[in-house]
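**Q** One structure, as structure tokens, below. Some questions next.
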Amino acid sequence: MTYQEFLNQQFIQMQNQQEDEKEALSAYRALVAKQPSAGFFEKERSFSDALKDPTSSQRDFFTGFGLALAASDSTNSLSSRIAGAIGVGKKAMDTRRENELTREQALARLDLENFKVARANRSSLIDLKGKQETERRAKQAENIRLRQDEQLQSRDGLSVDQFQENRSIIGDRKFVDSLQDVTIETGEGQNINILSPEALGIIRQARTIADAGPPEEYENLIQGNLKQIFKERFGAKTIPNILYNKAFVDRIDNAAKNLNSATGEIDENREKYATLATGLGGKIQDAKRTTYLNSDQGKKDFIALKKRIEKEAKANNQAVPSDEDIKNALLKQKGFI
């Protein structure tokens with residue numbers, strides 16, 4: 001049962017108890033205002049009913065009457081003896097009824113006290129459950145934080161998006177590596193690698209043409225265009241099925257992206273794949289330079305180089321280069337230019 005389900009359950013029980021408590025309070029007030037019955041007969045019971053099946057108070061009447069009559073002075077007249085016995089029986093009956101009413105009132109008052117105890121117990125239970133829920137949520141939040149810290153460490157300080165992007169780039173680089181030996185046989189009996197600039201240029205050209213057509217015709221268009229262009233230029237007879245995949249070029253371009261780094265570490269392997277991404281290598285290189293210069297490591301390297309250049313310029317009595325010149329010198333030193 002969840003904490004919210006528990007609260008809903010307690011609310012329903014509390015409403016039911018309030019109704020029961022109202023009825024119990026009304027019953028108690030009625031008993032407090034009630035007076036013991038003074039007559040011999042109760043409700044619609046006749047004298048013969050009292051003889052056959054007397055109530056407890058009528059039984060006390062008969063017992064008191066009988067004992068008093070038996071113990072009365074035999075020298076007195078019968079009528080006086082009966083009158084005295086009736087008085088004793090009546091007193092016993094009234095005492096019984098007063099005691100029964102007092103007992104009923106006490107039980108009704110006890111019921112009210114039980115309702116108070118139940119309210120207090122429910123309040124304590126709700127408070128306890130509330131504290132337990134607070135502790136549970138705090139522990140849950142702490143566990144989430146610990147898991148996030150562990151995940152962050154396992155991601156080398158990268159955000160989830162950056163980590164996922166790196167996985168995508170690495171996956172596509174493995175895909176590109178698996179194609180290193182895939183070739184197309186030309187009409188002259190030679191082979192052309194599908195990752196060569198010539199082949200990739202044709203693939204991009206065919207894709208551009210296919211993208212311009214109806215989406216439902218893409219597969220037919222890409223296959224027809226590739227076969228036609230490769231046949232016209234190289235006399236190729238068969239085309240590897242992998243080239244018909246719409247994501248083929250996208251995966252090559254994705255492999256050429258920079259891997260994210262929380263420390264500004266240079267992605268030394270990018271250039272290998274950037275050369276395949278026609279028209280994308282320059283953009284990636286520019287992004288790579290910007291990422292490095294804006295990283296903590298890049299800023300640290302720039303400050304260190306600037307101090308060294310300023311010191312050398314002062315020692316040689318030369319003008320200090322501009323920040324832009326120092327940045328270019330740093331990029332060249334790090335292999336970005």
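Going by the structure tokens order, chains are called A, B, ..., each with residues numbered from 1, while ligands are numbered from 1 in the order shown.
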Per DSSP on the backbone, filter stretch 78-243 of chain A down to the residues in alpha helix (DSSP H) and report them as JSON, numbers by chain.

**A** {"A": [78, 79, 80, 81, 82, 83, 84, 85, 86, 87, 88, 89, 90, 91, 92, 93, 94, 95, 96, 97, 98, 99, 100, 101, 102, 103, 104, 105, 106, 107, 108, 109, 110, 111, 112, 113, 114, 115, 116, 117, 118, 119, 120, 121, 122, 123, 124, 125, 126, 127, 128, 129, 130, 131, 132, 133, 134, 135, 136, 137, 138, 139, 140, 141, 142, 143, 144, 145, 146, 147, 148, 149, 150, 151, 152, 153, 154, 160, 161, 162, 163, 164, 165, 166, 167, 168, 169, 170, 171, 172, 173, 174, 175, 176, 177, 197, 198, 199, 200, 201, 202, 203, 204, 205, 206, 207, 208, 209, 210, 211, 218, 219, 220, 221, 222, 223, 224, 225, 226, 227, 228, 229, 230, 231, 232, 233, 234]}

**Q** Can you measure atom CA of A:Leu200 to atom CA of A:Tyr292 for me? One decimal in Å is fine.

**A**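 The value is 29.6 Å.
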
**Q** At a cut-off of 10 Å, using only C-alpha atoms, what residues contact A:Tyr218? Leave out same-chain residues fewer than 4 positions from it and give the result as a PyMOL selection string.

**A** chain A and resi 207+209-214+222-224+244+246

**Q** Can I get the selected residues back with N, CA and C atoms, as a PDB file, in the first residue's frame?

**A**
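Dumped to selection-v3.pdb:
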```pdb
ATOM      1  N   ARG A 207      22.060  10.254 -53.277  1.00  0.00           N
ATOM      2  CA  ARG A 207      21.146  10.504 -52.157  1.00  0.00           C
ATOM      3  C   ARG A 207      20.436  11.836 -52.325  1.00  0.00           C
ATOM      4  N   ILE A 209      19.634  13.297 -55.063  1.00  0.00           N
ATOM      5  CA  ILE A 209      18.594  13.122 -56.086  1.00  0.00           C
ATOM      6  C   ILE A 209      17.403  12.368 -55.508  1.00  0.00           C
ATOM      7  N   ALA A 210      17.690  11.310 -54.723  1.00  0.00           N
ATOM      8  CA  ALA A 210      16.607  10.510 -54.152  1.00  0.00           C
ATOM      9  C   ALA A 210      15.814  11.304 -53.116  1.00  0.00           C
ATOM     10  N   ASP A 211      16.499  12.143 -52.334  1.00  0.00           N
ATOM     11  CA  ASP A 211      15.813  12.955 -51.320  1.00  0.00           C
ATOM     12  C   ASP A 211      14.845  13.944 -51.951  1.00  0.00           C
ATOM     13  N   ALA A 212      15.127  14.353 -53.174  1.00  0.00           N
ATOM     14  CA  ALA A 212      14.269  15.327 -53.852  1.00  0.00           C
ATOM     15  C   ALA A 212      12.979  14.699 -54.361  1.00  0.00           C
ATOM     16  N   GLY A 213      12.938  13.355 -54.415  1.00  0.00           N
ATOM     17  CA  GLY A 213      11.752  12.671 -54.907  1.00  0.00           C
ATOM     18  C   GLY A 213      10.778  12.339 -53.795  1.00  0.00           C
ATOM     19  N   PRO A 214       9.673  11.671 -54.136  1.00  0.00           N
ATOM     20  CA  PRO A 214       8.677  11.267 -53.125  1.00  0.00           C
ATOM     21  C   PRO A 214       9.302  10.324 -52.096  1.00  0.00           C
ATOM     22  N   ILE A 222      17.230   5.616 -54.964  1.00  0.00           N
ATOM     23  CA  ILE A 222      18.630   5.512 -54.551  1.00  0.00           C
ATOM     24  C   ILE A 222      19.305   4.321 -55.234  1.00  0.00           C
ATOM     25  N   GLN A 223      18.585   3.226 -55.356  1.00  0.00           N
ATOM     26  CA  GLN A 223      19.168   2.059 -56.016  1.00  0.00           C
ATOM     27  C   GLN A 223      19.393   2.325 -57.506  1.00  0.00           C
ATOM     28  N   GLY A 224      18.387   2.899 -58.152  1.00  0.00           N
ATOM     29  CA  GLY A 224      18.514   3.179 -59.591  1.00  0.00           C
ATOM     30  C   GLY A 224      19.620   4.177 -59.886  1.00  0.00           C
ATOM     31  N   TYR A 244      22.722   1.218 -50.203  1.00  0.00           N
ATOM     32  CA  TYR A 244      21.326   1.597 -50.390  1.00  0.00           C
ATOM     33  C   TYR A 244      20.701   2.085 -49.077  1.00  0.00           C
ATOM     34  N   LYS A 246      19.640   4.301 -46.228  1.00  0.00           N
ATOM     35  CA  LYS A 246      19.463   5.764 -46.176  1.00  0.00           C
ATOM     36  C   LYS A 246      20.355   6.415 -45.132  1.00  0.00           C
TER      37      LYS A 246
END
```

**Q** Env of stretch 123-138 of chain A: 8 Å cut, atoms = only C-alpha atoms, seq-sep filter 3 positions within chain, self excluded. Answer as a list in words.

**A**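 Using only C-alpha atoms, the neighbours found are Tyr3, Leu7, Arg119, Ala120, Ala141 and Glu142 of chain A.
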
**Q** Would you export the selected residues with N, CA and C atoms as a CSV table (one decimal), in the first residue's frame, please?

**A**
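Generated file (result-v5.csv):
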```
chain,number,residue,atom,x,y,z
A,3,TYR,N,1.8,5.4,0.4
A,3,TYR,CA,1.4,6.3,1.5
A,3,TYR,C,0.1,7.1,1.1
A,7,LEU,N,-3.3,7.2,3.4
A,7,LEU,CA,-4.0,8.4,3.8
A,7,LEU,C,-5.5,8.4,3.4
A,119,ARG,N,-9.2,8.1,18.0
A,119,ARG,CA,-8.7,9.3,17.3
A,119,ARG,C,-7.3,9.6,17.5
A,120,ALA,N,-6.9,9.5,18.8
A,120,ALA,CA,-5.5,9.7,19.2
A,120,ALA,C,-4.6,8.7,18.6
A,141,ALA,N,15.7,9.8,-2.5
A,141,ALA,CA,16.4,10.9,-3.1
A,141,ALA,C,17.9,10.7,-3.0
A,142,GLU,N,18.4,10.2,-1.8
A,142,GLU,CA,19.8,10.0,-1.6
A,142,GLU,C,20.3,8.9,-2.6
```

**Q** Give the strand (DSSP E or B) residues of stretch 176-226 of chain A, as DSSP finds them on the backbone, and put them as a count of residues only.

**A** 6

**Q** Env of stretch 237-240 of chain A: 12 Å cut, atoms = only C-alpha atoms, seq-sep filter 2 positions within chain, self excluded. Answer as JSON, numbers by chain.

**A** {"A": [179, 181, 182, 183, 184, 185, 186, 187, 188, 189, 190, 191, 192, 193, 194, 199, 203, 222, 223, 224, 225, 226, 227, 228, 229, 230, 231, 232, 233, 234, 235, 242, 243, 244, 245, 248]}

**Q** Go ahead and compute the interatomic distance for atom CA of A:Lys299 and atom CA of A:Asp323, in Å to one decimal.

**A**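 One can read the atom CA of A:Lys299 to atom CA of A:Asp323 distance as 11.9 Å.
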